[in-house]
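K.L.:
This one is run-v3.txt, compact mmCIF, C-alpha atoms.
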# COMPACT_ATOMS: atom_id res chain seq x y z
CA MET V 278 43.85 -6.62 -7.56
CA LYS V 279 41.52 -6.78 -10.53
CA LEU V 280 38.01 -5.30 -10.69
CA THR V 281 35.73 -5.96 -13.64
CA ILE V 282 32.82 -3.58 -14.15
CA VAL V 283 29.96 -5.23 -16.05
CA GLY V 284 28.07 -2.47 -17.80
CA GLY V 285 31.36 -0.64 -18.17
CA GLY V 286 29.93 1.76 -20.74
CA GLY V 287 27.36 2.99 -18.23
CA PHE V 288 27.09 6.69 -17.45
CA ARG V 289 27.89 6.37 -13.73
CA VAL V 290 31.10 4.34 -14.17
CA PRO V 291 33.32 7.45 -13.77
CA LEU V 292 32.01 7.80 -10.20
CA VAL V 293 33.41 4.35 -9.38
CA HIS V 294 36.68 5.15 -11.14
CA ALA V 295 37.08 8.40 -9.19
CA ALA V 296 36.64 6.53 -5.90
CA LEU V 297 39.23 3.95 -6.92
CA LEU V 298 41.73 6.69 -7.80
CA ALA V 299 41.56 7.91 -4.21
CA ASP V 300 42.70 4.49 -2.97
CA ASP V 301 45.42 1.98 -3.84
CA LEU V 302 43.42 -1.24 -3.46
CA ILE V 303 42.69 -1.91 -7.14
CA ASP V 304 45.40 -1.67 -9.80
CA GLU V 305 43.46 -3.02 -12.80
CA VAL V 306 39.94 -2.08 -13.88
CA VAL V 307 38.36 -3.79 -16.87
CA LEU V 308 35.26 -2.20 -18.34
CA PHE V 309 33.06 -4.83 -20.00
CA ASP V 310 30.11 -3.87 -22.16
CA THR V 311 28.36 -5.21 -25.24
CA ASP V 312 28.27 -1.71 -26.78
CA PRO V 313 31.75 -0.70 -28.02
CA ASP V 314 30.66 2.86 -28.82
CA ARG V 315 29.54 3.53 -25.24
CA LEU V 316 32.72 1.90 -23.97
CA ALA V 317 34.83 4.23 -26.11
CA VAL V 318 33.10 7.30 -24.67
CA ILE V 319 33.52 6.24 -21.04
CA ASP V 320 37.12 5.24 -21.79
CA ARG V 321 37.81 8.87 -22.80
CA VAL V 322 36.22 10.19 -19.61
CA LEU V 323 38.28 7.82 -17.45
CA THR V 324 41.44 8.72 -19.36
CA ALA V 325 40.89 12.35 -18.38
CA GLN V 326 40.28 11.35 -14.75
CA SER V 327 43.42 9.18 -14.56
CA ARG V 328 46.52 10.39 -12.74
CA PRO V 329 50.16 9.39 -13.46
CA ASP V 330 50.93 9.13 -9.73
CA THR V 331 48.65 6.09 -9.23
CA GLU V 332 49.05 2.45 -10.25
CA LEU V 333 45.41 2.18 -11.30
CA ARG V 334 45.04 1.36 -14.97
CA HIS V 335 41.87 0.69 -16.95
CA ARG V 336 41.04 -1.01 -20.21
CA THR V 337 37.91 -2.01 -22.11
CA SER V 338 36.59 -5.33 -23.40
CA THR V 339 33.55 -6.68 -25.23
CA ASP V 340 34.47 -10.31 -24.41
CA PRO V 341 32.84 -11.36 -21.11
CA ALA V 342 35.10 -14.36 -20.40
CA GLU V 343 38.27 -12.35 -21.10
CA ALA V 344 37.06 -9.38 -19.07
CA LEU V 345 36.09 -11.49 -16.05
CA ALA V 346 38.99 -13.98 -16.05
CA GLY V 347 40.89 -13.83 -12.77
CA ALA V 348 38.86 -10.95 -11.34
CA ASP V 349 38.97 -10.49 -7.58
CA PHE V 350 35.80 -8.39 -7.60
CA VAL V 351 33.01 -8.03 -10.16
CA PHE V 352 30.81 -4.95 -10.06
CA SER V 353 27.58 -5.56 -11.97
CA ALA V 354 25.67 -2.53 -13.26
CA MET V 355 23.87 -3.89 -16.32
CA ARG V 356 20.79 -2.38 -17.93
CA THR V 357 19.21 -5.16 -19.98
CA GLY V 358 17.27 -3.51 -22.78
CA GLY V 359 19.05 -0.18 -22.28
CA THR V 360 17.31 3.11 -21.64
CA ALA V 361 14.89 2.28 -24.47
CA GLY V 362 13.70 -0.63 -22.34
CA ARG V 363 13.12 1.67 -19.40
CA VAL V 364 11.03 3.97 -21.59
CA LEU V 365 8.82 1.04 -22.59
CA ASP V 366 8.55 -0.20 -18.98
CA GLU V 367 7.23 3.19 -17.91
CA ARG V 368 5.14 3.95 -21.01
CA ILE V 369 3.25 0.64 -20.99
CA ALA V 370 2.42 1.04 -17.30
CA ALA V 371 1.20 4.60 -17.89
CA GLN V 372 -1.05 3.40 -20.73
CA HIS V 373 -2.79 1.19 -18.18
CA GLY V 374 -3.08 3.97 -15.60
CA VAL V 375 -0.52 2.63 -13.13
CA ILE V 376 2.91 3.73 -11.94
CA GLY V 377 5.71 2.08 -13.87
CA GLN V 378 8.82 3.32 -12.07
CA GLU V 379 11.76 1.20 -13.24
CA THR V 380 12.42 -0.67 -10.00
CA MET V 381 8.93 -1.12 -8.56
CA GLY V 382 5.38 -1.78 -9.62
CA ALA V 383 4.73 -2.98 -13.14
CA GLY V 384 7.89 -1.42 -14.59
CA GLY V 385 10.08 -2.99 -11.92
CA ILE V 386 8.61 -6.44 -12.54
CA SER V 387 9.16 -6.14 -16.30
CA TYR V 388 12.72 -4.94 -15.72
CA ALA V 389 13.43 -7.80 -13.29
CA LEU V 390 12.14 -10.36 -15.78
CA ARG V 391 14.91 -9.16 -18.11
CA SER V 392 17.63 -8.42 -15.55
CA ILE V 393 17.50 -11.68 -13.59
CA PRO V 394 18.20 -14.09 -16.50
CA ALA V 395 21.05 -11.84 -17.72
CA SER V 396 22.51 -11.65 -14.20
CA LEU V 397 22.34 -15.42 -13.78
CA ARG V 398 24.24 -15.83 -17.05
CA LEU V 399 26.87 -13.47 -15.67
CA ALA V 400 27.11 -15.50 -12.45
CA ARG V 401 27.72 -18.68 -14.45
CA THR V 402 30.56 -17.01 -16.37
CA VAL V 403 32.07 -15.70 -13.12
CA ALA V 404 31.92 -19.21 -11.66
CA GLU V 405 33.85 -20.53 -14.67
CA VAL V 406 36.60 -17.92 -15.06
CA ALA V 407 36.80 -16.19 -11.65
CA PRO V 408 35.43 -18.66 -9.09
CA GLY V 409 36.88 -16.80 -6.11
CA ALA V 410 35.46 -13.40 -7.06
CA TRP V 411 33.01 -11.39 -5.00
CA LEU V 412 30.03 -10.20 -7.03
CA ILE V 413 28.87 -6.73 -6.00
CA ASN V 414 25.45 -6.17 -7.53
CA PHE V 415 24.12 -2.76 -8.52
CA THR V 416 21.97 -4.10 -11.37
CA ASN V 417 18.35 -3.13 -10.79
CA PRO V 418 15.95 -4.04 -9.38
CA ALA V 419 18.86 -4.61 -6.98
CA GLY V 420 17.01 -6.52 -4.26
CA MET V 421 15.41 -9.04 -6.62
CA VAL V 422 18.56 -9.51 -8.69
CA THR V 423 20.67 -10.00 -5.55
CA GLU V 424 18.20 -12.56 -4.19
CA ALA V 425 18.28 -14.53 -7.44
CA LEU V 426 22.09 -14.40 -7.49
CA SER V 427 22.36 -15.42 -3.83
CA ALA V 428 20.78 -18.77 -4.68
CA VAL V 429 23.55 -19.64 -7.15
CA HIS V 430 26.67 -17.69 -6.14
CA PRO V 431 28.33 -18.01 -2.70
CA ARG V 432 29.86 -14.51 -2.61
CA VAL V 433 27.32 -11.89 -3.65
CA VAL V 434 26.14 -8.67 -2.02
CA GLY V 435 23.80 -5.97 -3.30
CA ILE V 436 24.31 -2.24 -2.89
CA CYS V 437 22.18 0.88 -3.30
CA ASP V 438 22.86 4.56 -2.77
CA SER V 439 19.40 5.58 -1.49
CA PRO V 440 19.86 4.55 2.18
CA ILE V 441 23.30 6.19 2.23
CA ALA V 442 21.96 9.48 0.89
CA LEU V 443 19.00 9.44 3.29
CA ALA V 444 21.21 8.79 6.33
CA ARG V 445 23.74 11.41 5.23
CA ARG V 446 21.07 14.09 4.95
CA ALA V 447 19.62 13.22 8.37
CA ILE V 448 23.06 13.19 10.00
CA ASP V 449 23.91 16.57 8.45
CA ALA V 450 20.60 18.06 9.61
CA LEU V 451 21.48 17.09 13.18
CA ALA V 452 25.12 18.22 12.78
CA LEU V 453 26.35 14.80 13.94
CA ASP V 454 29.74 13.22 13.31
CA PRO V 455 29.13 10.46 10.73
CA ALA V 456 32.05 8.40 12.05
CA ARG V 457 30.41 8.26 15.48
CA THR V 458 26.83 7.67 14.30
CA GLN V 459 25.29 4.21 13.86
CA ILE V 460 22.53 3.91 11.27
CA ASP V 461 19.43 1.83 12.01
CA TYR V 462 17.69 1.03 8.75
CA VAL V 463 15.36 -1.74 7.62
CA GLY V 464 13.44 -2.65 4.52
CA LEU V 465 13.75 -4.00 1.02
CA ASN V 466 15.63 -2.32 -1.79
CA HIS V 467 13.84 0.96 -2.60
CA LEU V 468 11.34 0.20 0.16
CA GLY V 469 12.94 0.99 3.51
CA TRP V 470 12.97 3.29 6.51
CA LEU V 471 15.65 5.02 8.57
CA THR V 472 14.53 4.01 12.07
CA GLY V 473 17.34 5.36 14.24
CA LEU V 474 20.57 7.34 14.45
CA GLN V 475 22.59 6.15 17.42
CA HIS V 476 25.10 8.78 18.51
CA GLU V 477 27.11 8.18 21.70
CA GLY V 478 24.47 5.81 22.99
CA VAL V 479 21.50 8.09 22.26
CA ASP V 480 19.03 7.77 19.37
CA ARG V 481 18.94 11.26 17.86
CA LEU V 482 16.43 10.53 15.08
CA PRO V 483 13.35 11.41 17.25
CA GLU V 484 14.89 14.86 17.73
CA LEU V 485 14.90 15.40 13.97
CA ILE V 486 11.40 14.00 13.48
CA ALA V 487 10.03 16.35 16.16
CA ASP V 488 11.53 19.43 14.51
CA PRO V 489 9.51 20.46 11.41
CA ALA V 490 11.99 23.18 10.47
CA ARG V 491 14.95 20.80 10.42
CA LEU V 492 12.88 18.14 8.66
CA ALA V 493 12.10 20.66 5.94
CA SER V 494 15.83 21.15 5.41
CA ILE V 495 16.19 17.65 3.94
CA GLU V 496 14.67 16.29 0.75
CA GLU V 497 12.72 13.46 2.39
CA GLY V 498 11.23 15.92 4.87
CA ARG V 499 9.85 18.01 2.00
CA LEU V 500 8.71 14.94 0.05
CA PHE V 501 6.76 13.24 2.82
CA GLY V 502 5.88 16.09 5.19
CA ALA V 503 6.26 16.34 8.95
CA GLU V 504 2.83 14.83 9.68
CA LEU V 505 3.41 11.49 7.91
CA ILE V 506 6.97 11.22 9.18
CA GLY V 507 5.77 11.90 12.71
CA ASP V 508 3.05 9.26 12.37
CA LEU V 509 5.62 6.71 11.17
CA GLY V 510 8.30 7.64 13.67
CA ALA V 511 10.81 6.97 10.92
CA LEU V 512 12.23 8.58 7.78
CA PRO V 513 11.05 6.80 4.61
CA ASN V 514 13.31 6.07 1.68
CA GLU V 515 12.51 8.45 -1.18
CA TYR V 516 11.08 5.61 -3.30
CA LEU V 517 8.26 5.10 -0.79
CA HIS V 518 6.76 8.31 -2.14
CA TRP V 519 5.29 6.21 -4.97
CA PHE V 520 3.39 4.18 -2.35
CA TYR V 521 2.41 6.86 0.17
CA TYR V 522 1.38 9.40 -2.49
CA ARG V 523 0.37 7.24 -5.45
CA ARG V 524 -2.54 9.44 -6.59
CA GLU V 525 -0.50 12.60 -6.39
CA ALA V 526 2.43 11.01 -8.24
CA LEU V 527 0.16 9.84 -11.06
CA ALA V 528 -1.48 13.26 -11.29
CA ALA V 529 1.94 14.90 -11.49
CA GLY V 530 2.98 12.77 -14.44
CA GLY V 531 3.75 9.43 -12.85
CA SER V 532 7.14 8.02 -13.80
CA GLY V 533 8.39 9.27 -17.15
CA ARG V 534 12.01 9.60 -16.09
CA GLY V 535 13.16 7.05 -18.65
CA ALA V 536 12.25 9.21 -21.66
CA PHE V 537 14.29 12.12 -20.32
CA LEU V 538 17.33 9.94 -19.59
CA ALA V 539 17.09 8.18 -22.95
CA GLU V 540 17.22 11.52 -24.77
CA GLN V 541 19.94 12.92 -22.49
CA GLN V 542 22.17 9.86 -22.77
CA ALA V 543 21.72 9.60 -26.54
CA ARG V 544 22.86 13.21 -26.79
CA PHE V 545 25.84 12.68 -24.49
CA TYR V 546 27.12 9.48 -26.08
CA SER V 547 26.64 10.67 -29.66
CA CYS V 548 28.10 14.17 -29.14
CA CYS V 549 30.82 13.48 -26.55
CA PRO V 550 34.06 15.19 -27.67
CA ALA V 551 37.01 13.10 -28.83
CA ASP V 552 39.39 14.98 -26.57
CA PRO V 553 39.43 13.28 -23.13
CA SER V 554 39.47 16.54 -21.14
CA SER V 555 36.50 17.88 -23.07
CA ALA V 556 34.77 14.50 -22.68
CA LEU V 557 35.14 14.77 -18.90
CA ASP V 558 33.71 18.32 -18.96
CA ALA V 559 30.72 17.07 -20.99
CA TRP V 560 30.20 14.21 -18.56
CA ASN V 561 30.27 16.55 -15.55
CA ALA V 562 27.73 18.89 -17.16
CA THR V 563 25.43 15.99 -18.05
CA ARG V 564 25.69 14.51 -14.56
CA LEU V 565 24.75 17.85 -12.98
CA GLU V 566 21.64 18.07 -15.17
CA ARG V 567 20.81 14.46 -14.29
CA GLU V 568 21.04 15.14 -10.54
CA GLN V 569 19.08 18.41 -10.75
CA THR V 570 16.15 16.69 -12.47
CA TYR V 571 16.20 13.53 -10.31
CA GLY V 572 12.84 12.87 -8.62
CA ALA V 573 11.13 15.75 -10.45
CA ALA V 574 7.73 14.01 -10.61
CA ASN V 575 7.75 13.27 -6.88
CA ARG V 576 8.81 16.82 -6.02
CA ALA V 577 5.99 18.14 -8.20
CA ALA V 578 3.54 15.85 -6.41
CA ALA V 579 4.80 17.20 -3.07
CA GLY V 580 4.01 20.77 -4.08
CA GLY V 581 7.07 21.53 -6.15
CA PHE V 582 10.55 22.40 -4.91
CA GLU V 583 14.06 22.45 -6.28
CA ARG V 584 16.79 20.12 -5.07
CA ALA V 585 19.19 21.71 -2.58
CA GLU V 586 22.84 21.93 -3.57
CA THR V 587 23.73 19.31 -0.96
CA ASP V 588 21.24 16.90 -2.57
CA LEU V 589 23.15 17.04 -5.87
CA VAL V 590 26.09 15.15 -4.35
CA SER V 591 26.28 11.53 -5.51
CA GLY V 592 24.50 9.16 -3.15
CA GLY V 593 27.74 7.33 -2.58
CA TYR V 594 27.23 3.81 -3.94
CA GLU V 595 30.77 3.95 -5.35
CA GLY V 596 32.07 4.57 -1.82
CA VAL V 597 30.09 1.59 -0.54
CA ALA V 598 31.54 -0.64 -3.26
CA LEU V 599 35.07 0.49 -2.35
CA ALA V 600 34.39 -0.03 1.37
CA ILE V 601 33.20 -3.60 0.70
CA MET V 602 36.32 -4.39 -1.31
CA ARG V 603 38.67 -2.86 1.28
CA ALA V 604 36.95 -4.65 4.15
CA ILE V 605 37.16 -8.05 2.45
CA ALA V 606 40.59 -7.73 0.85
CA ARG V 607 42.35 -6.01 3.76
CA ASP V 608 40.22 -7.14 6.68
CA GLU V 609 39.28 -3.54 7.48
CA PRO V 610 35.89 -3.94 9.22
CA SER V 611 33.07 -1.69 8.10
CA THR V 612 29.36 -1.44 8.88
CA LEU V 613 27.25 -0.77 5.79
CA VAL V 614 23.58 -0.91 4.73
CA LEU V 615 23.52 -3.73 2.18
CA ASN V 616 21.21 -6.13 0.37
CA THR V 617 21.81 -9.61 1.82
CA PRO V 618 19.71 -12.66 2.80
CA ASN V 619 17.50 -12.14 5.83
CA ALA V 620 19.24 -14.95 7.77
CA ALA V 621 16.58 -14.98 10.53
CA ARG V 622 16.85 -11.25 11.25
CA LEU V 623 13.17 -10.59 10.51
CA ALA V 624 10.69 -13.21 11.68
CA GLU V 625 8.13 -12.11 9.08
CA LEU V 626 10.31 -13.08 6.09
CA PRO V 627 12.01 -16.30 4.90
CA ASP V 628 15.69 -16.67 5.77
CA ASP V 629 16.77 -16.59 2.11
CA ALA V 630 14.73 -13.47 1.29
CA VAL V 631 17.06 -10.55 0.60
CA ILE V 632 16.50 -7.47 2.76
CA GLU V 633 18.26 -4.11 3.00
CA ALA V 634 19.77 -3.59 6.45
CA PRO V 635 23.07 -2.95 8.27
CA CYS V 636 25.81 -5.58 7.91
CA ARG V 637 29.38 -5.97 9.12
CA VAL V 638 31.93 -6.60 6.39
CA ASP V 639 35.46 -7.85 7.07
CA GLY V 640 38.00 -10.36 5.83
CA SER V 641 35.61 -13.23 6.48
CA GLY V 642 32.92 -11.73 4.26
CA VAL V 643 29.53 -10.15 4.93
CA GLN V 644 27.77 -10.82 8.24
CA PRO V 645 24.21 -9.54 8.75
CA LEU V 646 23.82 -7.66 12.03
CA PRO V 647 20.94 -8.32 14.46
CA GLN V 648 17.82 -6.42 13.53
CA SER V 649 15.07 -4.90 15.69
CA PRO V 650 11.54 -6.16 15.02
CA LEU V 651 9.82 -4.62 12.02
CA PRO V 652 7.85 -1.46 12.81
CA ALA V 653 4.10 -2.12 12.66
CA HIS V 654 3.65 0.25 9.71
CA ALA V 655 6.22 -1.68 7.65
CA ARG V 656 5.02 -5.25 8.14
CA GLY V 657 2.14 -5.46 5.69
CA LEU V 658 3.82 -3.53 2.91
CA MET V 659 7.15 -5.34 3.23
CA THR V 660 5.72 -8.84 3.35
CA THR V 661 3.41 -8.17 0.40
CA VAL V 662 6.15 -6.67 -1.77
CA LYS V 663 8.58 -9.42 -0.81
CA GLN V 664 6.08 -12.06 -1.97
CA VAL V 665 5.69 -10.12 -5.22
CA GLU V 666 9.49 -10.18 -5.59
CA ARG V 667 9.62 -13.92 -4.99
CA TRP V 668 6.92 -14.58 -7.61
CA THR V 669 8.92 -12.42 -10.02
CA ILE V 670 12.10 -14.40 -9.31
CA GLU V 671 10.14 -17.64 -9.80
CA ALA V 672 8.89 -16.38 -13.16
CA ALA V 673 12.39 -15.30 -14.22
CA THR V 674 14.00 -18.61 -13.23
CA THR V 675 11.29 -21.10 -14.28
CA GLY V 676 9.57 -19.28 -17.14
CA SER V 677 6.21 -19.32 -15.37
CA ALA V 678 3.85 -16.73 -16.85
CA ALA V 679 1.43 -17.55 -14.02
CA ALA V 680 4.00 -16.46 -11.44
CA ALA V 681 4.55 -13.22 -13.37
CA ARG V 682 0.80 -12.55 -13.40
CA LEU V 683 0.59 -13.26 -9.66
CA ALA V 684 3.40 -10.76 -9.06
CA LEU V 685 1.69 -8.06 -11.09
CA THR V 686 -1.77 -8.78 -9.64
CA HIS V 687 -0.60 -8.53 -6.03
CA HIS V 688 1.71 -5.54 -6.30
CA PRO V 689 0.26 -2.62 -4.28
CA LEU V 690 0.80 -0.26 -7.25
CA VAL V 691 -1.31 -2.44 -9.58
CA ASP V 692 -4.98 -2.40 -8.65
CA SER V 693 -6.61 -5.00 -10.89
CA ALA V 694 -6.03 -8.58 -11.99
CA ALA V 695 -7.37 -7.65 -15.43
CA VAL V 696 -4.85 -4.81 -15.66
CA ALA V 697 -2.09 -7.17 -14.48
CA SER V 698 -2.90 -9.64 -17.25
CA ALA V 699 -2.99 -6.86 -19.86
CA LEU V 700 0.31 -5.46 -18.60
CA LEU V 701 2.06 -8.80 -18.93
CA ALA V 702 0.68 -9.28 -22.43
CA ASP V 703 1.96 -5.86 -23.48
CA TYR V 704 5.38 -6.35 -21.89
CA ARG V 705 5.75 -9.71 -23.62
CA ALA V 706 4.84 -8.13 -26.94
CA ALA V 707 7.31 -5.28 -26.41
CA PHE V 708 10.30 -7.34 -25.24
CA GLY V 709 11.56 -10.34 -27.19
CA GLU V 710 13.66 -11.21 -24.10
CA LEU V 711 10.43 -12.33 -22.38
CA ASP V 712 9.69 -15.07 -24.91
CA TYR V 713 10.77 -17.59 -22.27
CA LEU V 714 7.57 -17.01 -20.30
CA ARG V 715 5.00 -19.75 -20.85
Please rewrite the model in this file as structure tokens.
P.N.:
Amino acid sequence: MKLTIVGGGGFRVPLVHAALLADDLIDEVVLFDTDPDRLAVIDRVLTAQSRPDTELRHRTSTDPAEALAGADFVFSAMRTGGTAGRVLDERIAAQHGVIGQETMGAGGISYALRSIPASLRLARTVAEVAPGAWLINFTNPAGMVTEALSAVHPRVVGICDSPIALARRAIDALALDPARTQIDYVGLNHLGWLTGLQHEGVDRLPELIADPARLASIEEGRLFGAELIGDLGALPNEYLHWFYYRREALAAGGSGRGAFLAEQQARFYSCCPADPSSALDAWNATRLEREQTYGAANRAAAGGFERAETDLVSGGYEGVALAIMRAIARDEPSTLVLNTPNAARLAELPDDAVIEAPCRVDGSGVQPLPQSPLPAHARGLMTTVKQVERWTIEAATTGSAAAARLALTHHPLVDSAAVASALLADYRAAFGELDYLR
């Protein structure tokens, strides 16, 4: 089977390749990217990872139609505007005194206004040259991009590693068997809550929430604190820290992650050794630094703490992507937290609104599982942010500057219509890709 990775020169591609090497489902991987230099670097890393005892082979391409032709699965991990775009998303927001994290708030809206048109162009090419392919979306902001794609492509699903990492940490803290534990999770992408851990018919999550010492053993417990978690009766996704502790996050430096990653990636890609084995060593060292510094601003806002060694393990999105492909191609059922249309699961949201919640995946495709009613604490925030997402999608698909301003004005992390208007003006000036807004 053929897998095409769009954004094949991306730094995290070797994680996907390593997962594929441990399986025999895919025998051809095509890395597509518009940047041949980045492709060449990742090609060297994958060459070092490759093993002669597997049938998996990879190649690179800068031709989208050729790369996608005949693909069974397409994994989309584009970054429209590159890391330089992320720096501008965050910097412009900071200049206006608001959080500009790349997938939410002002920065997330700017990023979506670039990502959605590019993703829709990808979907049209897939429809032409690989009409039977499943499109697995990891392009951020993943929820908005997946919702836009769902309107035009019949086989699309969005993935994220945050819910997986959160559930894994909670399961480990309770010393539960992951294979015998059902995850209850609900929300939007980067805005969700772990609401239950069903183990042998018993919800064990309240046990964790009631134990401050065990809560403090996991990253989310240290980020949010036992008091807030106890009030919620749920474990928040790490990205909710920007909402629950906005003042503290701004005081701690807000969201300047993009500048660090831009410098780090420029160094890695420009200095990566020509020898594949040395290239893999350089990639591993860079990835460790990346994981160690992840969420630094939020940890500082929570009083300052270092990431535990267990938190440095990859969230596991590559495993989710592989599980989706195995379930569909081999009819091996799996239950996964995915981004898919609501499909009447939550009464508060439209049926075509994409949410992040457990789904069953098998040979027939992706089937959303029944969902418990939204917790009271989640309703207002989720419905507001979802409307912001839908205005953003409207702006990206119709060119409406008014819809973009409405999205910025109503986002909980933007506190002024005047600031929203100024933000949009600055983003349009910074990004030529936004010339379509009128």
K.L.:
So the first atom is CA of Arg363 (chain V) and the second is CA of Asp703 (chain V); what is the distance between them in Å, to one decimal place?
P.N.:
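Calculated distance between CA of Arg363 (chain V) and CA of Asp703 (chain V) is 14.1 Å.
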K.L.:
Taking all atoms of region 289-308 of chain V that the file lists, what box with edges along x, y and z, padded by 6 Å per side, do you get, with centre and edge lengths in Å to one decimal, as AutoDock Vina command-line options?
P.N.:
--center_x 36.7 --center_y 2.3 --center_z -10.7 --size_x 29.5 --size_y 24.2 --size_z 27.4
K.L.:
Could you name the residues that touch Gly384 (chain V) at 7 Å or less, counting all atoms listed in the file, but leaving out those on the same chain fewer than 6 positions away, as a list in words?
P.N.:
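The residues satisfying every condition are Asp366, Glu367, Ala370, Gly377 and Gln378 of chain V.
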K.L.:
How close does each residue of region 524-577 of chain V get to region 341-362 of chain V, giving the shortest atom pair and distance in Å to one decimal for every residue with an atom at most 12 Å away, counting all atoms listed in the file, sorted by chain and residue number, as JSON lines?
P.N.:
{"residue": "V:Gly533", "atom": "CA", "partner": "V:Thr360", "partner_atom": "CA", "distance": 11.7}
{"residue": "V:Arg534", "atom": "CA", "partner": "V:Thr360", "partner_atom": "CA", "distance": 10.1}
{"residue": "V:Gly535", "atom": "CA", "partner": "V:Thr360", "partner_atom": "CA", "distance": 6.5}
{"residue": "V:Ala536", "atom": "CA", "partner": "V:Thr360", "partner_atom": "CA", "distance": 7.9}
{"residue": "V:Phe537", "atom": "CA", "partner": "V:Thr360", "partner_atom": "CA", "distance": 9.6}
{"residue": "V:Leu538", "atom": "CA", "partner": "V:Thr360", "partner_atom": "CA", "distance": 7.1}
{"residue": "V:Ala539", "atom": "CA", "partner": "V:Thr360", "partner_atom": "CA", "distance": 5.2}
{"residue": "V:Glu540", "atom": "CA", "partner": "V:Thr360", "partner_atom": "CA", "distance": 9.0}
{"residue": "V:Gln541", "atom": "CA", "partner": "V:Thr360", "partner_atom": "CA", "distance": 10.2}
{"residue": "V:Gln542", "atom": "CA", "partner": "V:Thr360", "partner_atom": "CA", "distance": 8.4}
{"residue": "V:Ala543", "atom": "CA", "partner": "V:Thr360", "partner_atom": "CA", "distance": 9.3}
K.L.:
Nearest residue to His294 (chain V) out of V:Ala695, V:Leu399, V:Ala598, V:Ala574, using all atoms listed in the file?
P.N.:
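Comparing V:Ala695, V:Leu399, V:Ala598, V:Ala574 against His294 (chain V), the winner is V:Ala598.
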K.L.:
Using CA of Pro647 (chain V) and CA of Val631 (chain V) as the two end points, give the distance in Å to one decimal.
P.N.:
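Computing it gives 14.6 Å between the two atoms.
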K.L.:
Of the candidates V:Trp470, V:Phe415, V:Tyr713, V:Phe520, which shows the shortest atom-to-atom distance to Leu482 (chain V), using all atoms listed in the file?
P.N.:
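Of all the options, V:Trp470 lies closest to Leu482 (chain V).
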K.L.:
Counting all atoms listed in the file, which residues of region 420-525 of chain V fall within 9 Å of region 674-694 of chain V, and what is the closest atom pair for each with its distance in Å at one decimal, ordered by chain and rising number, as JSON lines?
P.N.:
{"residue": "V:Ala425", "atom": "CA", "partner": "V:Thr674", "partner_atom": "CA", "distance": 8.3}
{"residue": "V:Trp519", "atom": "CA", "partner": "V:Leu690", "partner_atom": "CA", "distance": 8.2}
{"residue": "V:Phe520", "atom": "CA", "partner": "V:Leu690", "partner_atom": "CA", "distance": 7.1}
{"residue": "V:Arg523", "atom": "CA", "partner": "V:Leu690", "partner_atom": "CA", "distance": 7.7}
K.L.:
For a test of reading the model, state the distance in Å between CA of Arg481 (chain V) and CA of Ser439 (chain V), rounded to one decimal.
P.N.:
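A separation of 20.2 Å between them.
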K.L.:
Find the nearest atom pair between each residue of region 377-466 of chain V and region 493-501 of chain V for residues within 12 Å, count all atoms listed in the file, give distances in Å to one decimal, sort rows by chain and ascending number, and present the table as CSV.
P.N.:
residue,atom,partner,partner_atom,distance
V:Ser439,CA,V:Glu497,CA,11.0
V:Pro440,CA,V:Glu497,CA,11.4
V:Ala442,CA,V:Glu496,CA,10.0
V:Leu443,CA,V:Glu497,CA,7.5
V:Ala444,CA,V:Ile495,CA,10.5
V:Arg445,CA,V:Ile495,CA,9.9
V:Arg446,CA,V:Ile495,CA,6.1
V:Ala447,CA,V:Ile495,CA,7.1
V:Ile448,CA,V:Ile495,CA,10.2
V:Asp449,CA,V:Ile495,CA,9.0
V:Ala450,CA,V:Ser494,CA,7.1
V:Leu451,CA,V:Ser494,CA,10.4
K.L.:
Which residues are near Ile460 (chain V)? Cut-off 7 Å, all atoms listed in the file, ignore same chain within fewer than 6 positions. Put them as a PyMOL selection string.
P.N.:
chain V and resi 473-475
K.L.:
Restricting the calculation to all atoms listed in the file, which member of V:Ile376, V:Leu646, V:Leu292, V:Ile506 is positioned closest to Asn575 (chain V)?
P.N.:
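Answer, going by the shortest atom-to-atom distance: V:Ile376.
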K.L.:
Which residue out of V:Leu626, V:Gly530, V:Val422, V:Glu525 has the minimum interatomic distance to Pro394 (chain V) when only C-alpha atoms are used?
P.N.:
V:Val422
K.L.:
List every protein, DNA or RNA residue that has at least one atom no more than 10 Å from (39.5, -1.0, -27.0) in the file's coordinates, counting only C-alpha atoms, and write the result as a list of chain:residue names.
P.N.:
V:Leu308, V:Pro313, V:Asp314, V:Leu316, V:Ala317, V:Asp320, V:Arg336, V:Thr337, V:Ser338, V:Thr339
K.L.:
With all atoms listed in the file as the basis for distance, which of V:Val433, V:Leu365, V:Ala410, V:Val597 is at the shortest distance from Thr281 (chain V)?
P.N.:
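Among the listed residues, V:Ala410 lies closest to Thr281 (chain V).
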